[in-house]
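Step one of this worksheet: look at the structure below.
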Amino acid sequence: MGPTRKPNVCSRLSRRALGCFSRDAVVYSGSLRESTKFKNVWTTHSRSPIAYERGRIYFDNYRRCVSSVASEPRKLYEMPKCSKSEKIEDALLWECPVGDILPNSSDYKSSLIALTAHNWLLRISATTGKILEKIYLAAYCKFRYLSWDTPQEVIAVKSAQNRGSAVARQAGIQQHVLLYLAVFRVLPFSLVGILEINKKIFGNVTDATLSHGILIVMYSSGLVRLYSFQTIAEQFMQQKLDLGCACRWGGTTGTVGEAPFGIPCNIKITDMPPLLFEVSSLENAFQIGGHPWHYIITPNKKKQKGVFHICALKDNSLNENVLTVTASGRVVKKSFNLLDDDPEQETFKIVDYEDELDLLSVVAVTQIDAEGKAHLDFHCNEYGTLLKSIPLVESWDVTYSHEVYFDRDLVLHIEQKPNRVFSCYVYQMICDTGEEEETINRSC
């Protein structure tokens, strides 16, 4: 093969799926040199929430999708306008697993799994916006949230909490079912079951969620209890249900997953299931993971807010090593004096860790009179060395909600202002032109 122009960092990281590069961290970190700049290439504003997932920016409640991998916005698709009841309330991006044999050719492309306001679960092509699959959930509750139980494999659809009607509350009628959790395996969609969280079983529970096969139940006191979802499903499933199959339930016959029948709640706990673990934490803050298993909590005292304890799951022993814990629950092994802020000069607002590249990203904000100015810093996680500092051109109001993403050669800042005004600022890496003209032999 003859020589070819050296690709930029975005191209090199994109080609990792083909096995072309094995040292992605070196490729990316090496690009964060003095000669590289991040330029604000475009900015947009919206009256509805803006979401970002792997090179795609979603507007209008996920109905309009724009590619961020360009020096200017490029619309991928726009779904037809819909009624308020049909709007998408939450969504997850599903990406094709490597090596799996899938039933349809369209299944090998990314999909958006979306939940609508009128309780439909949709699988939408991430490139065209076409609806590929649809499931009607139920009419007995309002489903509102999507999350991964097992990333890219199992999803949990969580209902809004059941407060009961005003008339029922005035009459002193108690609502025992707090919420419902619908659990599905993805592609092809298959139903695991729908579980009710009942106060008659769990007591005065305030919330519950599902993560990695663990049912996590939370209480107002800060108590967090963990149960095995598999054990609960095996012990308390009333009837196995299959999507698309006829079903008779409570005197009514219909097709599972089709309107108006939907999916009955088929997992109803009648006795307290075996307790795996419990711990007390401020505001129920709790993360679990690592090898061997550890968990992260905040001591259950208000003055301890912002303090994290990392404990071994096997014996609850506290890890005494100096550790920083990011908002995503990842542990960063770094001495605090390497990254220390001065509240009178600048404060850290967002800290996150990119495990594949072993980079720590820090958003630091400096208050200048009434205006805040921010910069995004990339640090080598092993030594704490500052690799790159990127000034953000827009002002940063610390009272607003902010999200910052870095993805290959892009940095995105999504901001929510008062009165539901949302802004998105996109920065793109610009490399030294002389270096880009270097040539290398094609390696793949």
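By convention here, the chains of the structure tokens are called A, B, ... in the order presented, each chain's residues are numbered starting at 1, and ligands are numbered starting at 1 in the order presented.
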Subject >> Near-Lys349 in chain A list (7 Å; only C-alpha atoms; drop same-chain fewer than 3 positions) as a VMD selection string >> reply: chain A and resid 363 to 365
Go through range 39-146 of chain A residue by residue and, counting only C-alpha atoms, keep those with an atom at most 12 Å from range 196-219 of chain A; for each kept residue give the shortest atom pair and its distance in Å to one decimal, ordered by chain and increasing number, as CSV.
```
residue,atom,partner,partner_atom,distance
A:Tyr140,CA,A:Glu196,CA,11.5
A:Cys141,CA,A:Glu196,CA,10.6
A:Tyr145,CA,A:Thr209,CA,10.3
A:Leu146,CA,A:Thr209,CA,10.5
```
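Residue-level DSSP output for range 184-340 of chain A, from the backbone, shows helix (DSSP H, G or I) at Lys199, Lys200, Ile201, Phe202, Phe229, Gln230, Thr231, Ile232, Ala233, Glu234, Gln235, Phe236, Leu282, Glu283, Asn284, Lys302, Lys303, Gln304, Phe336, Asn337 and Leu338 of chain A.
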Keeping N, CA, C and O atoms for every residue in the selection just given, could you write it to a file as a tab-separated table (two decimals), in the first residue's frame?
```tsv
chain	number	residue	atom	x	y	z
A	199	LYS	N	-46.05	-1.01	49.64
A	199	LYS	CA	-45.69	-0.57	50.99
A	199	LYS	C	-46.10	-1.58	52.06
A	199	LYS	O	-45.52	-1.60	53.15
A	200	LYS	N	-47.08	-2.41	51.76
A	200	LYS	CA	-47.48	-3.44	52.73
A	200	LYS	C	-46.37	-4.47	52.92
A	200	LYS	O	-46.30	-5.13	53.97
A	201	ILE	N	-45.50	-4.61	51.93
A	201	ILE	CA	-44.38	-5.54	52.02
A	201	ILE	C	-43.12	-4.84	52.50
A	201	ILE	O	-42.43	-5.28	53.41
A	202	PHE	N	-42.79	-3.70	51.86
A	202	PHE	CA	-41.52	-3.03	52.13
A	202	PHE	C	-41.59	-1.96	53.21
A	202	PHE	O	-40.56	-1.38	53.58
A	229	PHE	N	-33.34	-9.41	42.15
A	229	PHE	CA	-34.54	-9.38	41.31
A	229	PHE	C	-34.84	-10.77	40.74
A	229	PHE	O	-36.00	-11.16	40.62
A	230	GLN	N	-33.81	-11.52	40.40
A	230	GLN	CA	-34.03	-12.87	39.86
A	230	GLN	C	-34.75	-13.74	40.88
A	230	GLN	O	-35.70	-14.47	40.53
A	231	THR	N	-34.34	-13.68	42.13
A	231	THR	CA	-35.01	-14.46	43.18
A	231	THR	C	-36.46	-14.04	43.33
A	231	THR	O	-37.37	-14.88	43.46
A	232	ILE	N	-36.70	-12.73	43.29
A	232	ILE	CA	-38.08	-12.21	43.40
A	232	ILE	C	-38.92	-12.71	42.24
A	232	ILE	O	-40.05	-13.17	42.43
A	233	ALA	N	-38.38	-12.63	41.00
A	233	ALA	CA	-39.15	-13.05	39.83
A	233	ALA	C	-39.46	-14.55	39.89
A	233	ALA	O	-40.58	-14.97	39.57
A	234	GLU	N	-38.49	-15.35	40.29
A	234	GLU	CA	-38.72	-16.80	40.36
A	234	GLU	C	-39.73	-17.16	41.44
A	234	GLU	O	-40.53	-18.09	41.27
A	235	GLN	N	-39.72	-16.44	42.53
A	235	GLN	CA	-40.57	-16.78	43.67
A	235	GLN	C	-41.98	-16.21	43.57
A	235	GLN	O	-42.94	-16.84	44.02
A	236	PHE	N	-42.11	-15.03	42.96
A	236	PHE	CA	-43.40	-14.33	43.04
A	236	PHE	C	-44.06	-14.06	41.69
A	236	PHE	O	-45.08	-13.38	41.65
A	282	LEU	N	-26.71	9.32	53.39
A	282	LEU	CA	-27.39	10.61	53.26
A	282	LEU	C	-28.07	10.70	51.90
A	282	LEU	O	-27.44	10.46	50.86
A	283	GLU	N	-29.35	11.05	51.89
A	283	GLU	CA	-30.15	11.22	50.67
A	283	GLU	C	-30.13	9.95	49.81
A	283	GLU	O	-30.25	10.01	48.59
A	284	ASN	N	-29.97	8.80	50.46
A	284	ASN	CA	-29.97	7.49	49.77
A	284	ASN	C	-28.87	7.37	48.73
A	284	ASN	O	-28.95	6.54	47.81
A	302	LYS	N	-26.09	15.53	57.75
A	302	LYS	CA	-26.12	16.66	56.83
A	302	LYS	C	-24.76	17.32	56.67
A	302	LYS	O	-24.38	17.76	55.58
A	303	LYS	N	-24.00	17.40	57.75
A	303	LYS	CA	-22.69	18.06	57.67
A	303	LYS	C	-21.69	17.23	56.86
A	303	LYS	O	-20.61	17.73	56.51
A	304	GLN	N	-22.05	15.98	56.55
A	304	GLN	CA	-21.16	15.12	55.77
A	304	GLN	C	-21.45	15.18	54.27
A	304	GLN	O	-20.83	14.46	53.48
A	336	PHE	N	-5.55	14.41	46.54
A	336	PHE	CA	-6.39	15.60	46.42
A	336	PHE	C	-5.57	16.85	46.12
A	336	PHE	O	-6.06	17.77	45.48
A	337	ASN	N	-4.32	16.91	46.58
A	337	ASN	CA	-3.55	18.14	46.37
A	337	ASN	C	-3.18	18.35	44.91
A	337	ASN	O	-2.74	19.42	44.53
A	338	LEU	N	-3.36	17.34	44.09
A	338	LEU	CA	-3.10	17.51	42.66
A	338	LEU	C	-4.23	18.28	41.98
A	338	LEU	O	-4.04	18.90	40.96
```
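Compared by their closest atoms to Lys134 in chain A, and using only C-alpha atoms, the residues A:Leu76, A:Ser110, A:Thr116, A:Val398 rank with A:Thr116 nearest.
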Quick one: everything within 9 Å of Tyr108 in chain A, counting only C-alpha atoms, minus sequence neighbours fewer than 3 positions away in the same chain. Send it as a short mmCIF file (atom, residue, chain, number, x, y, z; two decimals) with N, CA, C and O atoms, in the first residue's frame.
```
data_model
loop_
_atom_site.label_atom_id
_atom_site.label_comp_id
_atom_site.auth_asym_id
_atom_site.auth_seq_id
_atom_site.Cartn_x
_atom_site.Cartn_y
_atom_site.Cartn_z
N GLU A 95 -26.98 0.03 21.07
CA GLU A 95 -26.03 -0.20 19.99
C GLU A 95 -25.83 -1.69 19.79
O GLU A 95 -25.83 -2.48 20.75
N CYS A 96 -25.67 -2.10 18.55
CA CYS A 96 -25.60 -3.51 18.18
C CYS A 96 -24.46 -4.22 18.89
O CYS A 96 -23.32 -3.76 18.87
N PRO A 97 -24.74 -5.36 19.56
CA PRO A 97 -23.66 -6.12 20.19
C PRO A 97 -22.78 -6.79 19.16
O PRO A 97 -23.25 -7.24 18.11
N LEU A 102 -28.53 -11.51 14.71
CA LEU A 102 -29.79 -10.82 14.94
C LEU A 102 -30.79 -11.15 13.84
O LEU A 102 -30.40 -11.46 12.71
N ASN A 104 -33.04 -9.38 12.04
CA ASN A 104 -33.25 -8.48 10.90
C ASN A 104 -32.00 -7.67 10.61
O ASN A 104 -31.23 -7.34 11.52
N SER A 105 -31.83 -7.31 9.35
CA SER A 105 -30.65 -6.52 8.97
C SER A 105 -30.66 -5.15 9.66
O SER A 105 -29.60 -4.61 9.99
#
```
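Distances from A:Gly129, A:Gly384, A:Pro103, A:Gly244 to Lys75 in chain A were compared using only C-alpha atoms, and the smallest one belongs to A:Gly129.
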Original post:
Which residue out of A:Val167, A:Ile310, A:Cys247, A:Leu376 has the minimum interatomic distance to Thr347 in chain A when only C-alpha atoms are used?
Top reply: A:Leu376
Subject >> Filtered DSSP result for range 49-78 of chain A, state strand (DSSP E or B), as a list of chain:residue names >> reply: A:Ala51, A:Tyr52, A:Glu53, A:Arg56, A:Ile57, A:Tyr58, A:Phe59, A:Arg64, A:Cys65, A:Val66, A:Ser67, A:Arg74, A:Lys75, A:Leu76, A:Tyr77, A:Glu78
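In this comparison, which uses only C-alpha atoms, the residue of A:Cys245, A:Ala374, A:Leu93, A:Cys424 approaching Ala126 in chain A most closely is A:Leu93.
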**OP:** Find the residues around Thr252 in chain A up to 12 Å (only C-alpha atoms counted), leave out those fewer than 3 positions away in its own chain, and share them as a list in words.
**Re:** Ala246, Cys247, Arg248, Trp249, Thr255, Val256, Pro260, Phe261, Gly262, Ile263 and Pro264 of chain A
Selection from above, C-alpha atoms, as a PDB file, in the first residue's frame, can you write it?
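File produced: selection.pdb:
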```pdb
ATOM      1  CA  ALA A 246     -52.868 -14.142  23.721  1.00  0.00           C
ATOM      2  CA  CYS A 247     -53.472 -13.881  27.450  1.00  0.00           C
ATOM      3  CA  ARG A 248     -56.413 -14.129  29.830  1.00  0.00           C
ATOM      4  CA  TRP A 249     -55.996 -12.000  32.941  1.00  0.00           C
ATOM      5  CA  THR A 255     -52.656  -9.728  23.327  1.00  0.00           C
ATOM      6  CA  VAL A 256     -49.665  -9.007  25.561  1.00  0.00           C
ATOM      7  CA  PRO A 260     -55.710  -1.748  24.935  1.00  0.00           C
ATOM      8  CA  PHE A 261     -54.708  -4.905  26.852  1.00  0.00           C
ATOM      9  CA  GLY A 262     -51.071  -3.984  27.472  1.00  0.00           C
ATOM     10  CA  ILE A 263     -49.036  -5.969  29.995  1.00  0.00           C
ATOM     11  CA  PRO A 264     -50.520  -7.078  33.335  1.00  0.00           C
TER      12      PRO A 264
END
```
Subject >> Contact residues around Cys265 in chain A with only C-alpha atoms at 8 Å, ignoring same-chain residues under 5 positions, as number ranges by chain >> reply: A: 193-196
With N, CA, C and O atoms kept, could you save the residues just selected as a PDB file, in the first residue's frame?
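Output (again.pdb):
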```pdb
ATOM      1  N   GLY A 193     -40.854  -9.188  33.104  1.00  0.00           N
ATOM      2  CA  GLY A 193     -42.037  -9.076  33.952  1.00  0.00           C
ATOM      3  C   GLY A 193     -42.236  -7.657  34.433  1.00  0.00           C
ATOM      4  O   GLY A 193     -41.370  -6.793  34.257  1.00  0.00           O
ATOM      5  N   ILE A 194     -43.399  -7.416  35.033  1.00  0.00           N
ATOM      6  CA  ILE A 194     -43.684  -6.121  35.664  1.00  0.00           C
ATOM      7  C   ILE A 194     -43.866  -6.365  37.161  1.00  0.00           C
ATOM      8  O   ILE A 194     -44.681  -7.186  37.582  1.00  0.00           O
ATOM      9  N   LEU A 195     -43.079  -5.644  37.952  1.00  0.00           N
ATOM     10  CA  LEU A 195     -43.043  -5.786  39.407  1.00  0.00           C
ATOM     11  C   LEU A 195     -43.688  -4.579  40.063  1.00  0.00           C
ATOM     12  O   LEU A 195     -43.424  -3.441  39.674  1.00  0.00           O
ATOM     13  N   GLU A 196     -44.535  -4.835  41.087  1.00  0.00           N
ATOM     14  CA  GLU A 196     -45.073  -3.723  41.874  1.00  0.00           C
ATOM     15  C   GLU A 196     -44.285  -3.588  43.174  1.00  0.00           C
ATOM     16  O   GLU A 196     -43.850  -4.583  43.761  1.00  0.00           O
TER      17      GLU A 196
END
```
Original post:
Pick the closest to Leu121 in chain A from A:Leu387, A:Ile57, A:Met79, A:Ala182: which is it, counting only C-alpha atoms?
Top reply: A:Ala182
**OP:** Find, counting only C-alpha atoms, the residue in A:Glu415, A:Asp271, A:Asp377, A:Asp107 that gets nearest to Ser389 in chain A.
**Re:** A:Asp377
